[in-house]
file query26.csv (CSV, C-alpha atoms)
chain,number,residue,atom,x,y,z
B,4,MET,CA,-28.2,-107.5,64.8
B,5,SER,CA,-29.7,-107.0,61.4
B,6,SER,CA,-27.4,-106.1,58.4
B,7,ILE,CA,-27.4,-104.0,55.3
B,8,GLN,CA,-26.0,-104.6,51.8
B,9,GLN,CA,-23.5,-102.1,50.4
B,10,TRP,CA,-20.8,-101.5,47.8
B,11,THR,CA,-17.4,-100.3,49.0
B,12,THR,CA,-14.2,-99.1,47.2
B,13,SER,CA,-10.6,-98.9,48.1
B,14,LEU,CA,-10.2,-96.0,45.7
B,15,GLU,CA,-7.9,-98.0,43.4
B,16,GLY,CA,-10.1,-98.4,40.4
B,17,LEU,CA,-13.5,-99.9,39.5
B,18,ASP,CA,-12.0,-103.4,40.1
B,19,SER,CA,-11.8,-102.5,43.8
B,20,LEU,CA,-15.6,-102.2,44.1
B,21,GLN,CA,-16.7,-104.9,46.6
B,22,PHE,CA,-20.2,-106.0,47.4
B,23,GLY,CA,-20.8,-107.0,51.1
B,24,GLU,CA,-22.7,-106.6,54.3
B,25,ALA,CA,-22.4,-104.3,57.3
B,26,PRO,CA,-24.4,-103.8,60.5
B,27,LYS,CA,-27.6,-101.9,60.1
B,28,PRO,CA,-27.1,-98.4,61.7
B,29,ASP,CA,-29.3,-97.0,64.4
B,30,PRO,CA,-30.2,-93.3,64.1
B,31,ALA,CA,-28.5,-91.3,66.8
B,32,LYS,CA,-29.8,-88.1,68.3
B,33,GLY,CA,-30.8,-85.7,65.5
B,34,GLU,CA,-30.5,-88.4,62.9
B,35,VAL,CA,-32.9,-90.4,60.7
B,36,LEU,CA,-32.5,-93.8,59.1
B,37,VAL,CA,-33.3,-93.9,55.4
B,38,GLU,CA,-34.1,-97.0,53.3
B,39,ILE,CA,-32.3,-96.1,50.0
B,40,ARG,CA,-34.4,-96.7,46.9
B,41,ALA,CA,-32.3,-95.3,44.1
B,42,VAL,CA,-28.8,-93.8,43.6
B,43,SER,CA,-27.7,-91.7,40.7
B,44,LEU,CA,-24.1,-91.6,39.5
B,45,ASN,CA,-22.0,-88.5,38.8
B,46,TYR,CA,-18.6,-88.4,37.2
B,47,ARG,CA,-17.2,-87.5,40.6
B,48,ASP,CA,-18.2,-91.0,41.8
B,49,TYR,CA,-16.2,-92.6,39.1
B,50,GLU,CA,-13.2,-90.4,40.0
B,51,VAL,CA,-13.6,-91.3,43.7
B,52,CYS,CA,-13.5,-95.0,42.9
B,53,SER,CA,-10.5,-94.5,40.6
B,54,GLY,CA,-8.6,-92.5,43.2
B,55,GLU,CA,-8.6,-89.5,41.0
B,56,TYR,CA,-10.7,-87.1,43.0
B,57,ASN,CA,-8.0,-85.1,44.6
B,58,HIS,CA,-8.5,-81.5,43.6
B,59,HIS,CA,-9.8,-80.3,47.0
B,60,LYS,CA,-7.1,-80.4,49.6
B,61,SER,CA,-9.6,-80.7,52.5
B,62,VAL,CA,-10.6,-84.1,51.1
B,63,SER,CA,-8.6,-87.0,52.4
B,64,GLN,CA,-8.4,-90.3,50.5
B,65,ASP,CA,-7.1,-92.3,53.4
B,66,LYS,CA,-10.2,-94.6,53.4
B,67,ALA,CA,-9.4,-98.2,53.0
B,68,SER,CA,-13.0,-99.2,52.3
B,69,LEU,CA,-15.4,-96.4,51.5
B,70,VAL,CA,-19.1,-96.6,50.5
B,71,PRO,CA,-19.2,-94.4,47.3
B,72,CYS,CA,-21.8,-92.1,45.8
B,73,SER,CA,-23.6,-89.0,47.1
B,74,ASP,CA,-27.0,-88.8,45.4
B,75,MET,CA,-30.0,-90.9,46.6
B,76,CYS,CA,-33.8,-91.0,47.0
B,77,GLY,CA,-35.2,-93.0,49.9
B,78,ILE,CA,-37.8,-93.4,52.6
B,79,VAL,CA,-37.4,-92.5,56.3
B,80,THR,CA,-37.8,-95.7,58.3
B,81,GLU,CA,-36.7,-94.5,61.8
B,82,VAL,CA,-36.2,-91.2,63.5
B,83,GLY,CA,-33.8,-90.5,66.3
B,84,GLU,CA,-34.3,-88.5,69.5
B,85,GLY,CA,-35.1,-84.9,69.0
B,86,VAL,CA,-35.9,-85.1,65.3
B,87,THR,CA,-38.6,-82.7,64.3
B,88,SER,CA,-38.1,-82.3,60.5
B,89,TRP,CA,-39.0,-85.8,59.4
B,90,LYS,CA,-41.4,-88.6,60.2
B,91,VAL,CA,-41.4,-92.3,59.2
B,92,GLY,CA,-42.6,-92.7,55.6
B,93,ASP,CA,-41.3,-89.3,54.3
B,94,ARG,CA,-39.6,-89.6,50.9
B,95,VAL,CA,-36.3,-87.7,51.0
B,96,LEU,CA,-33.2,-86.8,48.9
B,97,SER,CA,-29.6,-86.4,50.2
B,98,THR,CA,-27.6,-83.2,50.0
B,99,PHE,CA,-24.1,-83.4,48.7
B,100,LEU,CA,-22.4,-81.3,51.4
B,101,SER,CA,-24.5,-81.7,54.5
B,102,ASP,CA,-22.9,-78.7,56.2
B,103,HIS,CA,-23.6,-76.4,53.3
B,104,GLN,CA,-27.0,-75.0,54.4
B,105,THR,CA,-26.9,-71.5,52.9
B,106,GLY,CA,-24.7,-69.0,51.3
B,107,GLN,CA,-21.3,-69.5,49.7
B,108,VAL,CA,-19.6,-72.8,50.2
B,109,LYS,CA,-16.5,-72.7,52.5
B,110,GLU,CA,-13.5,-75.0,52.5
B,111,LYS,CA,-14.4,-76.6,55.9
B,112,MET,CA,-17.8,-77.7,54.4
B,113,MET,CA,-16.0,-80.0,52.0
B,114,ALA,CA,-15.3,-82.4,54.9
B,115,SER,CA,-19.1,-83.2,54.9
B,116,GLY,CA,-19.1,-84.4,51.4
B,117,MET,CA,-20.9,-87.7,50.9
B,118,GLY,CA,-19.1,-90.5,49.1
B,119,LEU,CA,-15.8,-88.9,50.1
B,120,PRO,CA,-14.7,-88.1,52.7
B,121,GLN,CA,-17.9,-89.2,54.4
B,122,PRO,CA,-19.4,-92.6,53.7
B,123,GLY,CA,-21.8,-92.5,50.7
B,124,VAL,CA,-25.1,-93.9,49.7
B,125,LEU,CA,-24.5,-97.0,47.6
B,126,ALA,CA,-26.2,-99.2,50.3
B,127,THR,CA,-29.6,-100.4,51.3
B,128,TYR,CA,-29.7,-98.1,54.4
B,129,ARG,CA,-27.9,-95.1,55.7
B,130,ALA,CA,-28.3,-92.8,58.7
B,131,PHE,CA,-28.4,-89.0,58.0
B,132,PRO,CA,-28.4,-85.9,60.1
B,133,GLU,CA,-31.9,-84.5,59.8
B,134,TYR,CA,-30.5,-81.3,58.2
B,135,ALA,CA,-28.8,-83.2,55.5
B,136,LEU,CA,-32.0,-84.1,53.6
B,137,VAL,CA,-34.7,-82.4,51.5
B,138,GLN,CA,-38.2,-83.5,50.6
B,139,ALA,CA,-38.4,-85.4,47.3
B,140,PRO,CA,-40.8,-84.0,44.6
B,141,SER,CA,-44.0,-85.9,44.6
B,142,HIS,CA,-44.3,-86.0,40.8
B,143,MET,CA,-41.1,-87.9,40.2
B,144,SER,CA,-40.2,-91.5,40.5
B,145,ASP,CA,-37.5,-92.6,42.9
B,146,GLU,CA,-35.1,-93.0,40.0
B,147,GLU,CA,-35.9,-89.5,38.6
B,148,ALA,CA,-35.7,-87.8,42.0
B,149,SER,CA,-32.3,-89.4,42.8
B,150,THR,CA,-30.7,-87.4,40.0
B,151,LEU,CA,-31.3,-84.0,41.6
B,152,PRO,CA,-28.7,-83.5,44.4
B,153,ILE,CA,-25.6,-82.8,42.3
B,154,ALA,CA,-26.5,-82.5,38.6
B,155,ALA,CA,-29.7,-80.5,38.9
B,156,VAL,CA,-28.5,-78.3,41.8
B,157,THR,CA,-25.3,-77.6,40.0
B,158,ALA,CA,-27.2,-76.5,36.9
B,159,TRP,CA,-29.6,-74.5,39.0
B,160,MET,CA,-26.7,-72.6,40.7
B,161,ALA,CA,-25.0,-72.0,37.4
B,162,ILE,CA,-28.0,-70.3,36.0
B,163,ASN,CA,-29.5,-68.7,39.1
B,164,GLY,CA,-26.8,-68.8,41.8
B,165,MET,CA,-25.7,-65.2,41.1
B,166,ARG,CA,-29.3,-64.0,41.4
B,167,PRO,CA,-30.9,-63.3,44.8
B,168,MET,CA,-32.8,-66.1,46.6
B,169,GLY,CA,-36.3,-66.3,45.1
B,170,GLN,CA,-35.3,-64.5,41.9
B,171,ASN,CA,-34.8,-67.1,39.1
B,172,GLY,CA,-34.9,-67.3,35.4
B,173,GLY,CA,-33.7,-64.9,32.8
B,174,GLU,CA,-36.2,-64.6,29.9
B,175,GLY,CA,-34.4,-63.9,26.7
B,176,GLU,CA,-31.0,-64.8,27.9
B,177,TYR,CA,-28.7,-67.0,25.8
B,178,ILE,CA,-27.5,-70.0,27.8
B,179,LEU,CA,-24.7,-72.2,26.4
B,180,LEU,CA,-24.4,-75.8,27.5
B,181,GLN,CA,-21.4,-78.0,26.8
B,182,GLY,CA,-22.2,-81.7,26.3
B,183,THR,CA,-25.2,-83.8,27.2
B,184,GLY,CA,-24.3,-85.2,30.6
B,185,GLY,CA,-26.5,-84.8,33.7
B,186,VAL,CA,-25.6,-81.2,34.5
B,187,SER,CA,-26.1,-79.9,30.9
B,188,VAL,CA,-29.4,-81.8,30.4
B,189,SER,CA,-30.6,-80.4,33.7
B,190,GLY,CA,-29.5,-77.0,32.6
B,191,LEU,CA,-31.4,-77.4,29.4
B,192,GLN,CA,-34.6,-78.2,31.2
B,193,ILE,CA,-34.2,-75.4,33.8
B,194,ALA,CA,-33.3,-72.8,31.1
B,195,LYS,CA,-36.3,-73.6,28.9
B,196,ALA,CA,-38.7,-73.5,31.8
B,197,SER,CA,-37.2,-70.0,32.6
B,198,GLY,CA,-37.8,-68.7,29.1
B,199,SER,CA,-34.1,-68.6,28.1
B,200,LYS,CA,-32.7,-69.5,24.6
B,201,VAL,CA,-30.5,-72.5,24.8
B,202,ILE,CA,-27.5,-73.5,22.7
B,203,ILE,CA,-26.0,-76.9,23.3
B,204,THR,CA,-22.9,-78.6,22.0
B,205,SER,CA,-22.1,-82.3,21.5
B,206,SER,CA,-20.0,-84.6,19.3
B,207,SER,CA,-23.1,-86.7,18.6
B,208,ASP,CA,-25.9,-85.7,16.2
B,209,ASP,CA,-28.2,-88.3,17.9
B,210,LYS,CA,-27.7,-86.6,21.2
B,211,LEU,CA,-28.2,-83.2,19.7
B,212,GLU,CA,-31.5,-84.4,18.2
B,213,GLN,CA,-32.6,-85.5,21.7
B,214,ALA,CA,-31.6,-82.1,23.0
B,215,LYS,CA,-33.9,-80.5,20.3
B,216,GLN,CA,-36.7,-82.7,21.5
B,217,LEU,CA,-36.2,-81.3,25.0
B,218,GLY,CA,-36.5,-77.7,23.6
B,219,ALA,CA,-32.9,-76.7,22.7
B,220,ASP,CA,-33.1,-73.7,20.3
B,221,TYR,CA,-29.7,-74.3,18.7
B,222,THR,CA,-27.4,-77.3,18.5
B,223,ILE,CA,-23.7,-77.4,17.5
B,224,ASN,CA,-21.7,-80.5,16.7
B,225,TYR,CA,-18.2,-79.6,17.9
B,226,ARG,CA,-16.5,-82.3,15.9
B,227,THR,CA,-17.9,-81.2,12.5
B,228,ASN,CA,-17.7,-77.6,13.7
B,229,PRO,CA,-14.5,-77.3,15.8
B,230,ASN,CA,-14.8,-73.5,15.8
B,231,TRP,CA,-18.0,-73.7,17.7
B,232,GLU,CA,-17.4,-70.4,19.5
B,233,GLU,CA,-17.7,-68.6,16.2
B,234,GLU,CA,-21.0,-70.4,15.6
B,235,VAL,CA,-22.3,-69.3,19.0
B,236,MET,CA,-21.5,-65.7,18.1
B,237,ARG,CA,-23.3,-66.1,14.7
B,238,LEU,CA,-26.4,-67.7,16.2
B,239,THR,CA,-26.7,-64.8,18.8
B,240,ASP,CA,-26.1,-62.0,16.2
B,241,GLN,CA,-22.7,-61.4,17.8
B,242,HIS,CA,-24.3,-61.0,21.3
B,243,GLY,CA,-22.7,-64.1,22.7
B,244,ALA,CA,-23.9,-66.4,25.5
B,245,ASP,CA,-25.0,-64.7,28.7
B,246,ILE,CA,-24.3,-67.8,30.8
B,247,ILE,CA,-22.0,-70.6,29.9
B,248,LEU,CA,-22.0,-74.0,31.8
B,249,GLU,CA,-18.3,-74.7,31.2
B,250,THR,CA,-18.0,-78.5,31.7
B,251,GLY,CA,-15.2,-79.1,29.1
B,252,GLY,CA,-12.2,-77.6,30.9
B,253,ALA,CA,-8.8,-77.4,29.3
B,254,GLN,CA,-9.8,-77.5,25.7
B,255,THR,CA,-12.9,-75.4,25.9
B,256,LEU,CA,-12.4,-72.5,28.4
B,257,LYS,CA,-10.6,-70.3,25.9
B,258,LYS,CA,-13.4,-70.8,23.4
B,259,SER,CA,-15.9,-70.0,26.1
B,260,PHE,CA,-14.2,-66.6,26.6
B,261,ASP,CA,-14.4,-66.0,22.9
B,262,CYS,CA,-18.2,-66.4,22.8
B,263,ILE,CA,-19.3,-65.0,26.2
B,264,ALA,CA,-21.6,-61.9,26.1
B,265,TRP,CA,-20.6,-58.6,27.6
B,266,GLY,CA,-21.1,-58.8,31.3
B,267,GLY,CA,-21.7,-62.6,31.0
B,268,LEU,CA,-21.0,-65.4,33.4
B,269,ILE,CA,-18.8,-68.5,32.8
B,270,ASP,CA,-19.5,-71.2,35.4
B,271,CYS,CA,-16.5,-73.6,35.6
B,272,ILE,CA,-18.1,-76.9,36.5
B,273,GLY,CA,-16.1,-79.8,34.9
B,274,TYR,CA,-13.0,-80.8,33.0
B,275,LEU,CA,-14.0,-83.6,30.7
B,276,SER,CA,-11.5,-82.5,28.1
B,277,GLY,CA,-8.7,-82.3,30.6
B,278,LYS,CA,-7.4,-80.4,33.6
B,279,VAL,CA,-4.3,-78.8,32.0
B,280,ASP,CA,-4.7,-76.4,29.1
B,281,ALA,CA,-2.5,-76.3,26.0
B,282,PRO,CA,0.4,-73.8,26.1
B,283,GLU,CA,-1.1,-71.8,23.2
B,284,ASP,CA,-4.3,-71.4,25.1
B,285,ARG,CA,-2.7,-69.8,28.2
B,286,THR,CA,-3.8,-66.3,27.4
B,287,ASN,CA,-4.0,-63.9,30.3
B,288,VAL,CA,-7.3,-64.7,32.0
B,289,ASN,CA,-7.5,-61.2,33.4
B,290,LEU,CA,-7.4,-59.7,29.9
B,291,LEU,CA,-10.0,-62.1,28.7
B,292,ALA,CA,-12.3,-61.3,31.6
B,293,LEU,CA,-11.8,-57.5,31.3
B,294,ARG,CA,-12.4,-57.5,27.6
B,295,ARG,CA,-16.2,-58.0,28.1
B,296,ASN,CA,-16.5,-57.5,31.8
B,297,VAL,CA,-16.9,-61.2,32.3
B,298,THR,CA,-17.4,-63.1,35.6
B,299,LEU,CA,-15.5,-66.5,35.8
B,300,LYS,CA,-16.8,-68.6,38.7
B,301,GLY,CA,-15.9,-72.0,40.0
B,302,LEU,CA,-18.9,-73.9,41.0
B,303,ILE,CA,-19.3,-76.8,43.5
B,304,ASN,CA,-23.0,-77.6,43.8
B,305,GLY,CA,-25.1,-75.4,46.1
B,306,PRO,CA,-26.6,-75.0,49.5
B,307,ARG,CA,-29.6,-76.7,50.9
B,308,ASP,CA,-31.9,-73.7,50.8
B,309,ARG,CA,-31.2,-73.2,47.1
B,310,PHE,CA,-31.9,-76.9,46.6
B,311,GLN,CA,-35.3,-76.5,48.2
B,312,GLU,CA,-35.9,-73.4,46.0
B,313,MET,CA,-35.0,-75.5,42.9
B,314,ILE,CA,-37.4,-78.3,43.9
B,315,SER,CA,-40.2,-75.7,44.1
B,316,PHE,CA,-39.4,-74.6,40.6
B,317,TYR,CA,-39.3,-78.2,39.3
B,318,GLU,CA,-42.7,-78.8,40.9
B,319,LYS,CA,-44.2,-75.6,39.5
B,320,HIS,CA,-43.1,-76.5,36.0
B,321,GLN,CA,-43.5,-80.3,36.4
B,322,ILE,CA,-40.0,-80.9,35.2
B,323,LYS,CA,-38.9,-84.6,35.1
B,324,PRO,CA,-35.2,-85.3,34.9
B,325,VAL,CA,-33.9,-87.4,32.0
B,326,VAL,CA,-32.8,-90.9,33.1
B,327,ASN,CA,-30.8,-92.6,30.4
B,328,ARG,CA,-30.5,-96.0,31.9
B,329,VAL,CA,-31.2,-97.8,35.2
B,330,PHE,CA,-29.0,-100.6,36.5
B,331,SER,CA,-29.8,-103.1,39.3
B,332,PHE,CA,-28.0,-102.9,42.7
B,333,LYS,CA,-25.8,-105.9,41.8
B,334,GLU,CA,-24.9,-104.3,38.5
B,335,ALA,CA,-23.2,-101.3,40.1
B,336,PRO,CA,-19.7,-101.9,38.5
B,337,GLU,CA,-21.4,-102.0,35.1
B,338,ALA,CA,-23.2,-98.8,35.8
B,339,PHE,CA,-19.9,-97.0,36.6
B,340,LYS,CA,-18.3,-98.4,33.4
B,341,PHE,CA,-21.3,-97.2,31.4
B,342,LEU,CA,-21.0,-93.7,32.9
B,343,ALA,CA,-17.3,-93.6,32.2
B,344,ASN,CA,-17.9,-94.5,28.6
B,345,GLY,CA,-19.7,-91.2,28.1
B,346,SER,CA,-22.4,-92.5,25.8
B,347,HIS,CA,-25.3,-91.5,28.0
B,348,PHE,CA,-27.7,-88.6,27.5
B,349,GLY,CA,-28.9,-87.5,30.9
B,350,LYS,CA,-28.4,-89.5,34.1
B,351,VAL,CA,-27.3,-93.1,35.0
B,352,VAL,CA,-29.2,-94.6,38.0
B,353,ILE,CA,-28.8,-97.7,40.2
B,354,LYS,CA,-32.0,-99.0,41.6
B,355,ILE,CA,-31.5,-100.2,45.1
B,356,ALA,CA,-35.0,-101.3,46.1
call {"tool": "encode", "arguments": {"input": "query26.csv", "output": "structure tokens"}}
result
Amino acid sequence: MSSIQQWTTSLEGLDSLQFGEAPKPDPAKGEVLVEIRAVSLNYRDYEVCSGEYNHHKSVSQDKASLVPCSDMCGIVTEVGEGVTSWKVGDRVLSTFLSDHQTGQVKEKMMASGMGLPQPGVLATYRAFPEYALVQAPSHMSDEEASTLPIAAVTAWMAINGMRPMGQNGGEGEYILLQGTGGVSVSGLQIAKASGSKVIITSSSDDKLEQAKQLGADYTINYRTNPNWEEEVMRLTDQHGADIILETGGAQTLKKSFDCIAWGGLIDCIGYLSGKVDAPEDRTNVNLLALRRNVTLKGLINGPRDRFQEMISFYEKHQIKPVVNRVFSFKEAPEAFKFLANGSHFGKVVIKIA
């Protein structure tokens, strides 16, 4: 029996990452076997390896040895019985929650999450249900395409998820992006292609300059301008941001409420500044939302049909994701450490083949 190479984690920190071999899977009925070419990292992957990804009660962390990571680009090498969607040679991308095909995500769908609780993609081969894949955009490299499943889809849903299927963009809208990680940079590219005005925050002037080169209309350094919410209101002539990609969490949510436009949308995506807000910030959320008729929405990625919709948009506008650095397969632990350091602009990728 032939074997594959893979990384596994015991969910006890990056030191628990182990490189080894496993039997090569055979695709079962309704499955395809994919040779994985590139894997992109998300902060979630770091939390999984560290044993910190525990905020969904449907997710069990009883895995003694789990293959981490959820986002990959690869080539179909075998198809199982009954498969009609794919053929050998097709270039495909994974979906984060394979059971989330359309509509609003449900709790039971979290059980289909790749890289926890299901085995992930940090391996040379993996078998997938045929419905758990989408066609990779032809104008992207493997490394670029691998970044789409979580970061880009999350940004797409933050900007367009409240609009009907097939209706995207919001010309003239102000969109506020926090930080310069994968979701925010994807949001910048999507928003500019949609005709929106983009405001982006960071603690690094160098990263803000890179954001300008990608088309950001306004940049704010939140270290030199800690009252950045006031600057957002000034830049928008007191209109505020129509959509905010809220990735900061505890130390930024109150400020987001203070600069959201009337009838605006705050998408709660991340918590890089912490998961517990300061006591002085615990203002009644109901009052904050009512003050400007605001929608506050938690966001966990998006369904497969909206992923496919997004890929069509990327192809139409020839958008190429920003890949900050590519590591080799054997350098996976270093890639995780680089991600955790937070110095990247865009995405961190591991090249498998």
call {"tool": "residues_around", "arguments": {"input": "query26.csv", "residues": "Ile272 (chain B)", "least_positions_apart": "3", "cutoff": "8 Å", "atoms": "all atoms listed in the file", "output": "count of residues only"}}
result
6
call {"tool": "closest_residue", "arguments": {"input": "query26.csv", "among": "B:Glu81, B:Glu312, B:Glu15, B:Asp48", "to": "Pro28 (chain B)", "atoms": "all atoms listed in the file"}}
result
B:Glu81
call {"tool": "closest_atom_pairs", "arguments": {"input": "query26.csv", "of": "region 306-331 of chain B", "to": "region 29-44 of chain B", "cutoff": "10 Å", "atoms": "only C-alpha atoms", "output": "tab-separated table"}}
result
residue	atom	partner	partner_atom	distance
B:Val326	CA	B:Ser43	CA	9.2
B:Val329	CA	B:Ser43	CA	8.9
B:Phe330	CA	B:Val42	CA	9.8
B:Ser331	CA	B:Ala41	CA	9.5
call {"tool": "atom_distance", "arguments": {"input": "query26.csv", "atom1": "CA of Val79 (chain B)", "atom2": "CA of Ser149 (chain B)"}}
result
14.8 Å
call {"tool": "closest_residue", "arguments": {"input": "query26.csv", "among": "B:Leu342, B:Asn230, B:Ser68, B:Ser53", "to": "Ala25 (chain B)", "atoms": "all atoms listed in the file"}}
result
B:Ser68
call {"tool": "build_atoms", "arguments": {"input": "query26.csv", "residues": "region 24-38 of chain B", "atoms": "N, CA, C and O atoms", "output": "PDB file, keeping the file's coordinate frame"}}
result
ATOM      1  N   GLU B  24     -21.742-106.912  53.265  1.00  0.00           N
ATOM      2  CA  GLU B  24     -22.700-106.600  54.300  1.00  0.00           C
ATOM      3  C   GLU B  24     -22.067-105.776  55.400  1.00  0.00           C
ATOM      4  O   GLU B  24     -20.843-105.815  55.576  1.00  0.00           O
ATOM      5  N   ALA B  25     -22.900-105.042  56.135  1.00  0.00           N
ATOM      6  CA  ALA B  25     -22.400-104.300  57.300  1.00  0.00           C
ATOM      7  C   ALA B  25     -23.597-104.206  58.281  1.00  0.00           C
ATOM      8  O   ALA B  25     -24.756-104.421  57.920  1.00  0.00           O
ATOM      9  N   PRO B  26     -23.317-103.930  59.552  1.00  0.00           N
ATOM     10  CA  PRO B  26     -24.400-103.800  60.500  1.00  0.00           C
ATOM     11  C   PRO B  26     -25.352-102.668  60.146  1.00  0.00           C
ATOM     12  O   PRO B  26     -24.923-101.618  59.681  1.00  0.00           O
ATOM     13  N   LYS B  27     -26.624-102.888  60.374  1.00  0.00           N
ATOM     14  CA  LYS B  27     -27.600-101.900  60.100  1.00  0.00           C
ATOM     15  C   LYS B  27     -27.482-100.750  61.145  1.00  0.00           C
ATOM     16  O   LYS B  27     -27.509-101.016  62.344  1.00  0.00           O
ATOM     17  N   PRO B  28     -27.331 -99.505  60.702  1.00  0.00           N
ATOM     18  CA  PRO B  28     -27.100 -98.400  61.700  1.00  0.00           C
ATOM     19  C   PRO B  28     -28.405 -98.064  62.437  1.00  0.00           C
ATOM     20  O   PRO B  28     -29.516 -98.219  61.914  1.00  0.00           O
ATOM     21  N   ASP B  29     -28.238 -97.596  63.640  1.00  0.00           N
ATOM     22  CA  ASP B  29     -29.300 -97.000  64.400  1.00  0.00           C
ATOM     23  C   ASP B  29     -29.212 -95.513  64.370  1.00  0.00           C
ATOM     24  O   ASP B  29     -28.104 -94.984  64.555  1.00  0.00           O
ATOM     25  N   PRO B  30     -30.297 -94.803  64.126  1.00  0.00           N
ATOM     26  CA  PRO B  30     -30.200 -93.300  64.100  1.00  0.00           C
ATOM     27  C   PRO B  30     -29.872 -92.764  65.461  1.00  0.00           C
ATOM     28  O   PRO B  30     -30.542 -93.078  66.451  1.00  0.00           O
ATOM     29  N   ALA B  31     -28.836 -91.953  65.518  1.00  0.00           N
ATOM     30  CA  ALA B  31     -28.500 -91.300  66.800  1.00  0.00           C
ATOM     31  C   ALA B  31     -29.341 -90.065  66.979  1.00  0.00           C
ATOM     32  O   ALA B  31     -30.235 -89.775  66.182  1.00  0.00           O
ATOM     33  N   LYS B  32     -29.100 -89.350  68.047  1.00  0.00           N
ATOM     34  CA  LYS B  32     -29.800 -88.100  68.300  1.00  0.00           C
ATOM     35  C   LYS B  32     -29.699 -87.167  67.155  1.00  0.00           C
ATOM     36  O   LYS B  32     -28.597 -86.895  66.681  1.00  0.00           O
ATOM     37  N   GLY B  33     -30.827 -86.673  66.655  1.00  0.00           N
ATOM     38  CA  GLY B  33     -30.800 -85.700  65.500  1.00  0.00           C
ATOM     39  C   GLY B  33     -30.640 -86.374  64.181  1.00  0.00           C
ATOM     40  O   GLY B  33     -30.474 -85.669  63.180  1.00  0.00           O
ATOM     41  N   GLU B  34     -30.701 -87.702  64.116  1.00  0.00           N
ATOM     42  CA  GLU B  34     -30.500 -88.400  62.900  1.00  0.00           C
ATOM     43  C   GLU B  34     -31.806 -89.163  62.470  1.00  0.00           C
ATOM     44  O   GLU B  34     -32.673 -89.432  63.308  1.00  0.00           O
ATOM     45  N   VAL B  35     -31.878 -89.505  61.172  1.00  0.00           N
ATOM     46  CA  VAL B  35     -32.900 -90.400  60.700  1.00  0.00           C
ATOM     47  C   VAL B  35     -32.308 -91.521  59.903  1.00  0.00           C
ATOM     48  O   VAL B  35     -31.234 -91.366  59.309  1.00  0.00           O
ATOM     49  N   LEU B  36     -32.963 -92.677  59.921  1.00  0.00           N
ATOM     50  CA  LEU B  36     -32.500 -93.800  59.100  1.00  0.00           C
ATOM     51  C   LEU B  36     -33.338 -93.850  57.852  1.00  0.00           C
ATOM     52  O   LEU B  36     -34.575 -93.761  57.893  1.00  0.00           O
ATOM     53  N   VAL B  37     -32.652 -93.964  56.722  1.00  0.00           N
ATOM     54  CA  VAL B  37     -33.300 -93.900  55.400  1.00  0.00           C
ATOM     55  C   VAL B  37     -33.078 -95.254  54.693  1.00  0.00           C
ATOM     56  O   VAL B  37     -31.938 -95.727  54.595  1.00  0.00           O
ATOM     57  N   GLU B  38     -34.166 -95.843  54.200  1.00  0.00           N
ATOM     58  CA  GLU B  38     -34.100 -97.000  53.300  1.00  0.00           C
ATOM     59  C   GLU B  38     -33.837 -96.386  51.892  1.00  0.00           C
ATOM     60  O   GLU B  38     -34.694 -95.654  51.370  1.00  0.00           O
TER      61      GLU B  38
END
